[in-house]
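Next comes structure-v6.cif, with mmCIF, C-alpha atoms.
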data_work
loop_
_atom_site.label_atom_id
_atom_site.label_comp_id
_atom_site.auth_asym_id
_atom_site.auth_seq_id
_atom_site.Cartn_x
_atom_site.Cartn_y
_atom_site.Cartn_z
CA MET A 1 -2.06 102.53 18.50
CA LYS A 2 -0.67 99.51 20.35
CA THR A 3 -3.05 100.11 23.27
CA TYR A 4 -5.96 100.40 20.87
CA LEU A 5 -5.09 97.15 19.11
CA SER A 6 -4.45 95.32 22.38
CA LYS A 7 -8.10 95.92 23.35
CA MET A 8 -9.11 93.62 20.51
CA ARG A 9 -7.17 90.65 21.82
CA ALA A 10 -9.53 88.24 23.46
CA GLU A 11 -8.80 86.45 26.68
CA ARG A 12 -8.56 82.68 26.59
CA THR A 13 -11.28 81.00 28.54
CA ARG A 14 -12.43 77.49 29.05
CA ALA A 15 -16.13 76.96 28.57
CA PRO A 16 -17.78 74.94 31.31
CA SER A 17 -19.54 71.71 30.46
CA PRO A 18 -23.10 72.28 29.28
CA ASP A 19 -25.80 72.08 31.92
CA TRP A 20 -28.22 69.65 30.27
CA GLN A 21 -30.99 70.30 32.76
CA ASP A 22 -30.83 74.04 32.15
CA ALA A 23 -30.64 73.51 28.39
CA LEU A 24 -33.76 71.34 28.49
CA TRP A 25 -35.66 74.01 30.44
CA SER A 26 -34.59 76.56 27.82
CA TRP A 27 -35.77 74.24 25.05
CA PHE A 28 -39.09 73.66 26.80
CA GLY A 29 -39.63 77.40 27.25
CA ALA A 30 -38.76 78.25 23.65
CA PHE A 31 -40.94 75.39 22.38
CA SER A 32 -43.87 76.46 24.56
CA GLY A 33 -43.54 80.18 23.81
CA MET A 34 -43.22 79.85 20.06
CA GLY A 35 -45.84 77.10 20.09
CA ALA A 36 -48.30 79.42 21.85
CA ILE A 37 -47.67 82.16 19.31
CA CYS A 38 -48.05 79.74 16.40
CA TRP A 39 -51.25 78.31 17.85
CA LEU A 40 -52.73 81.77 18.41
CA SER A 41 -51.68 82.83 14.94
CA ALA A 42 -53.30 79.80 13.33
CA HIS A 43 -56.48 79.52 15.41
CA TRP A 44 -57.39 82.73 17.16
CA LEU A 45 -55.81 85.42 15.03
CA SER A 46 -55.80 83.57 11.71
CA HIS A 47 -56.24 86.77 9.70
CA HIS A 48 -53.47 88.65 11.49
CA LEU A 49 -49.69 88.39 11.44
CA LEU A 50 -48.38 87.27 14.83
CA ILE A 51 -45.05 85.63 14.01
CA VAL A 52 -41.99 87.80 13.31
CA ALA A 53 -38.32 86.88 13.10
CA SER A 54 -37.29 88.94 16.14
CA PHE A 55 -39.25 86.51 18.35
CA GLY A 56 -36.60 83.86 17.70
CA ALA A 57 -33.95 86.06 19.31
CA THR A 58 -36.34 87.05 22.09
CA SER A 59 -36.80 83.34 22.83
CA VAL A 60 -33.05 82.89 23.28
CA LEU A 61 -32.94 85.70 25.82
CA ILE A 62 -36.04 84.98 27.90
CA TYR A 63 -35.66 81.19 27.97
CA ALA A 64 -31.89 80.58 27.78
CA ALA A 65 -30.66 83.72 29.58
CA PRO A 66 -33.58 84.73 31.83
CA GLY A 67 -31.28 86.58 34.24
CA SER A 68 -29.96 88.91 31.54
CA PRO A 69 -31.00 92.55 31.80
CA PHE A 70 -32.01 92.31 28.13
CA ALA A 71 -34.49 89.53 29.00
CA GLN A 72 -36.46 91.36 31.66
CA PRO A 73 -40.14 92.08 30.92
CA ARG A 74 -39.85 95.87 30.67
CA ASN A 75 -36.96 95.54 28.23
CA VAL A 76 -38.68 92.88 26.15
CA LEU A 77 -42.02 94.67 25.86
CA VAL A 78 -41.07 98.35 25.81
CA GLY A 79 -37.81 97.87 23.91
CA SER A 80 -39.52 95.84 21.19
CA MET A 81 -42.60 98.05 20.85
CA LEU A 82 -40.62 101.30 20.94
CA SER A 83 -38.23 99.99 18.30
CA ALA A 84 -41.10 98.82 16.11
CA LEU A 85 -42.63 102.29 16.40
CA VAL A 86 -39.34 103.86 15.31
CA GLY A 87 -39.17 101.44 12.39
CA VAL A 88 -42.70 102.26 11.23
CA ALA A 89 -41.95 105.99 11.42
CA CYS A 90 -38.81 105.54 9.32
CA PHE A 91 -40.72 103.47 6.78
CA LYS A 92 -43.56 106.02 6.58
CA LEU A 93 -41.11 108.89 6.09
CA LEU A 94 -38.52 107.29 3.80
CA GLY A 95 -39.98 104.04 2.45
CA SER A 96 -37.94 100.88 2.20
CA THR A 97 -34.60 102.55 1.52
CA ALA A 98 -31.07 102.06 2.78
CA LEU A 99 -31.35 105.31 4.76
CA SER A 100 -34.60 104.14 6.33
CA VAL A 101 -33.01 100.82 7.35
CA THR A 102 -29.99 102.62 8.79
CA LEU A 103 -32.09 105.12 10.73
CA ALA A 104 -34.61 102.53 11.98
CA VAL A 105 -31.91 100.37 13.56
CA SER A 106 -29.71 103.17 14.88
CA LEU A 107 -32.58 105.27 16.24
CA SER A 108 -34.13 102.23 17.91
CA VAL A 109 -30.81 101.54 19.65
CA LEU A 110 -30.71 105.17 20.79
CA ALA A 111 -34.32 105.12 21.98
CA MET A 112 -33.84 101.87 23.92
CA GLN A 113 -30.67 103.16 25.59
CA LEU A 114 -32.28 106.46 26.58
CA THR A 115 -35.31 104.67 28.06
CA HIS A 116 -33.28 101.92 29.76
CA THR A 117 -35.17 99.26 27.79
CA VAL A 118 -32.41 97.70 25.67
CA HIS A 119 -33.62 94.45 24.10
CA PRO A 120 -31.44 93.46 21.09
CA PRO A 121 -34.30 91.81 19.19
CA GLY A 122 -36.02 95.20 19.34
CA ALA A 123 -33.64 96.47 16.67
CA ALA A 124 -34.74 93.51 14.53
CA ALA A 125 -38.36 94.60 15.05
CA ALA A 126 -37.40 98.07 13.79
CA LEU A 127 -35.64 96.55 10.81
CA GLY A 128 -38.64 94.34 10.10
CA ALA A 129 -40.91 97.38 9.95
CA VAL A 130 -38.81 98.73 7.09
CA ILE A 131 -37.97 95.58 5.11
CA GLY A 132 -40.91 93.37 6.09
CA GLY A 133 -42.71 93.76 2.78
CA GLU A 134 -46.35 94.34 2.00
CA THR A 135 -47.71 92.30 4.90
CA ILE A 136 -46.01 94.45 7.51
CA ALA A 137 -46.40 97.69 5.53
CA THR A 138 -50.16 97.08 5.49
CA LEU A 139 -50.19 96.95 9.30
CA GLY A 140 -48.68 100.43 9.48
CA TRP A 141 -48.94 101.95 12.96
CA TRP A 142 -50.57 98.75 14.27
CA TYR A 143 -47.30 96.80 13.81
CA PRO A 144 -45.86 97.83 17.23
CA LEU A 145 -49.03 96.57 18.94
CA MET A 146 -49.77 93.54 16.79
CA PRO A 147 -47.71 91.43 16.23
CA ILE A 148 -44.90 92.92 18.36
CA GLY A 149 -46.71 93.85 21.60
CA ILE A 150 -49.15 90.94 21.70
CA GLY A 151 -46.45 88.43 20.75
CA CYS A 152 -44.09 89.74 23.44
CA ILE A 153 -46.83 89.52 26.07
CA VAL A 154 -47.61 85.91 25.13
CA MET A 155 -43.93 84.96 25.26
CA LEU A 156 -43.44 86.76 28.59
CA VAL A 157 -46.40 84.96 30.18
CA VAL A 158 -44.94 81.63 29.04
CA ALA A 159 -41.47 82.66 30.27
CA ILE A 160 -42.82 83.52 33.72
CA LEU A 161 -44.68 80.21 33.95
CA VAL A 162 -41.95 77.95 32.55
CA ASN A 163 -38.83 79.56 34.04
CA ASN A 164 -40.29 79.43 37.54
CA LEU A 165 -41.06 75.70 37.26
CA ALA A 166 -37.35 74.93 37.50
CA ARG A 167 -36.04 74.99 41.06
CA HIS A 168 -32.84 76.79 40.05
CA ARG A 169 -34.49 79.54 37.95
CA ARG A 170 -36.28 82.76 38.82
CA TYR A 171 -37.95 85.02 36.32
CA PRO A 172 -38.22 87.93 36.15
CA SER A 173 -35.32 89.37 38.08
CA TYR A 174 -37.09 92.75 38.08
CA TRP A 175 -39.95 94.48 36.33
#

Would you mind writing the file's structure down as structure tokens?
Amino acid sequence: MKTYLSKMRAERTRAPSPDWQDALWSWFGAFSGMGAICWLSAHWLSHHLLIVASFGATSVLIYAAPGSPFAQPRNVLVGSMLSALVGVACFKLLGSTALSVTLAVSLSVLAMQLTHTVHPPGAAAALGAVIGGETIATLGWWYPLMPIGIGCIVMLVVAILVNNLARHRRYPSYW
């Protein structure tokens, strides 16, 4: 029991000073990516949902931690779309129930791990398919493609353009 409990003790660490230049690049990327999605949603796809909450978390990964395995294009796109598909299936089978929520999130985690496409916001996309209300329920099987797939592609294009402007950044690390 002592060994088990000792695993929970965190190590003390000293956080380095913030890198303001890197933080500003992250801000610029997140601003540009979400701005592009908002603009498309308002002007080009005004009758379609394009903004979902999971894109906020995706922005953190692809703009503030572009070297993370979770931020790589395959993970972002496939992990999010696969998870959204799982979420829609759970909603179609069980409705907006506690069991559906539980299965959508847990099965999306399983699917992402088995396909090597783990992207934490993907689980939020699965959850959104179940609890997203009438707007998302109306989309049905289109939800993984639009808004999830199209939104991820837009954000990835912006991430590739913006992250590679900075001399000290490279994105993606792999496809």

**Study point:** Neighbour list for Ser41 (chain A) as an NGL selection string, cut-off 12 Å, only C-alpha atoms, skip fewer than 4 positions in-chain
**Key:** :A and (34-37 or 45-52 or 146-147 or 150-151 or 154)

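Of the listed residues A:Trp44, A:Tyr63, A:Phe55, A:Tyr4, the one whose atoms come nearest to Ala30 (chain A) is A:Tyr63, with distances taken using all atoms listed in the file.
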
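Checking A:Ala15, A:Val78, A:Arg170, A:Leu61 one by one against Gln113 (chain A), counting all atoms listed in the file, you find the shortest gap at A:Val78.
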
Check your understanding: Within 12 Å of Asp19 (chain A), counting only C-alpha atoms, which residues qualify if same-chain residues fewer than 6 places away don't, as a ChimeraX atom specification?
Key -> /A:25-26,64,168

Point to revise | Expected selection from the PyMOL selection byres ((chain A and resi 159) around 8), given as a PyMOL selection string | key: chain A and resi 29+33+62-63+155-158+160-163+171

With C-alpha atoms retained, export the selected residues as a short mmCIF file (atom, residue, chain, number, x, y, z; two decimals), in the frame of the given file.
data_model
loop_
_atom_site.label_atom_id
_atom_site.label_comp_id
_atom_site.auth_asym_id
_atom_site.auth_seq_id
_atom_site.Cartn_x
_atom_site.Cartn_y
_atom_site.Cartn_z
CA GLY A 29 -39.63 77.40 27.25
CA GLY A 33 -43.54 80.18 23.81
CA ILE A 62 -36.04 84.98 27.90
CA TYR A 63 -35.66 81.19 27.97
CA MET A 155 -43.93 84.96 25.26
CA LEU A 156 -43.44 86.76 28.59
CA VAL A 157 -46.40 84.96 30.18
CA VAL A 158 -44.94 81.63 29.04
CA ILE A 160 -42.82 83.52 33.72
CA LEU A 161 -44.68 80.21 33.95
CA VAL A 162 -41.95 77.95 32.55
CA ASN A 163 -38.83 79.56 34.04
CA TYR A 171 -37.95 85.02 36.32
#

Exercise for review: Give me the result of the PyMOL selection byres ((chain A and resi 95-97) around 10) on this file, residue by residue, as a list in words.
Suggested key: Val88, Ala89, Cys90, Phe91, Lys92, Leu93, Leu94, Ala98, Leu99, Ser100, Val101, Thr102, Leu103, Leu127, Ala129, Val130, Ile131, Gly132, Gly133 and Ala137 of chain A

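Note on the selection: in this file the PyMOL selection byres ((chain A and resi 67-71) around 9) comes out as A:Thr58, A:Val60, A:Leu61, A:Ile62, A:Tyr63, A:Ala64, A:Ala65, A:Pro66, A:Gln72, A:Pro73, A:Arg74, A:Asn75, A:Val76, A:Thr117, A:Val118, A:His119, A:Pro120, A:Arg169, A:Arg170, A:Tyr171, A:Pro172, A:Ser173, A:Tyr174.
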
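A straight line drawn from CA of Ser54 (chain A) to CA of Cys38 (chain A) is 14.2 Å long.
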
**Study point:** Residue nearest Ser59 (chain A) among A:Leu77, A:Leu5, A:Ile148, A:Pro121 (counting all atoms listed in the file)
**Key:** A:Pro121

Enclose all atoms of region 145-152 of chain A listed in the file in an axis-aligned box, grow every side by 5 Å, and hand back centre and edge lengths in Å to one decimal, as JSON.
{"center_x": -46.9, "center_y": 92.5, "center_z": 19.8, "size_x": 15.7, "size_y": 18.1, "size_z": 17.2}

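Among the candidates A:Ile153, A:Leu110, A:Ala104, A:Ala123, the residue lying nearest to Ser80 (chain A) is A:Ala123 (atoms considered: all atoms listed in the file).
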
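Nearest to Ser106 (chain A) of all the residues A:Gly128, A:Ser83, A:Arg14, A:Ile136 is A:Ser83, based on all atoms listed in the file.
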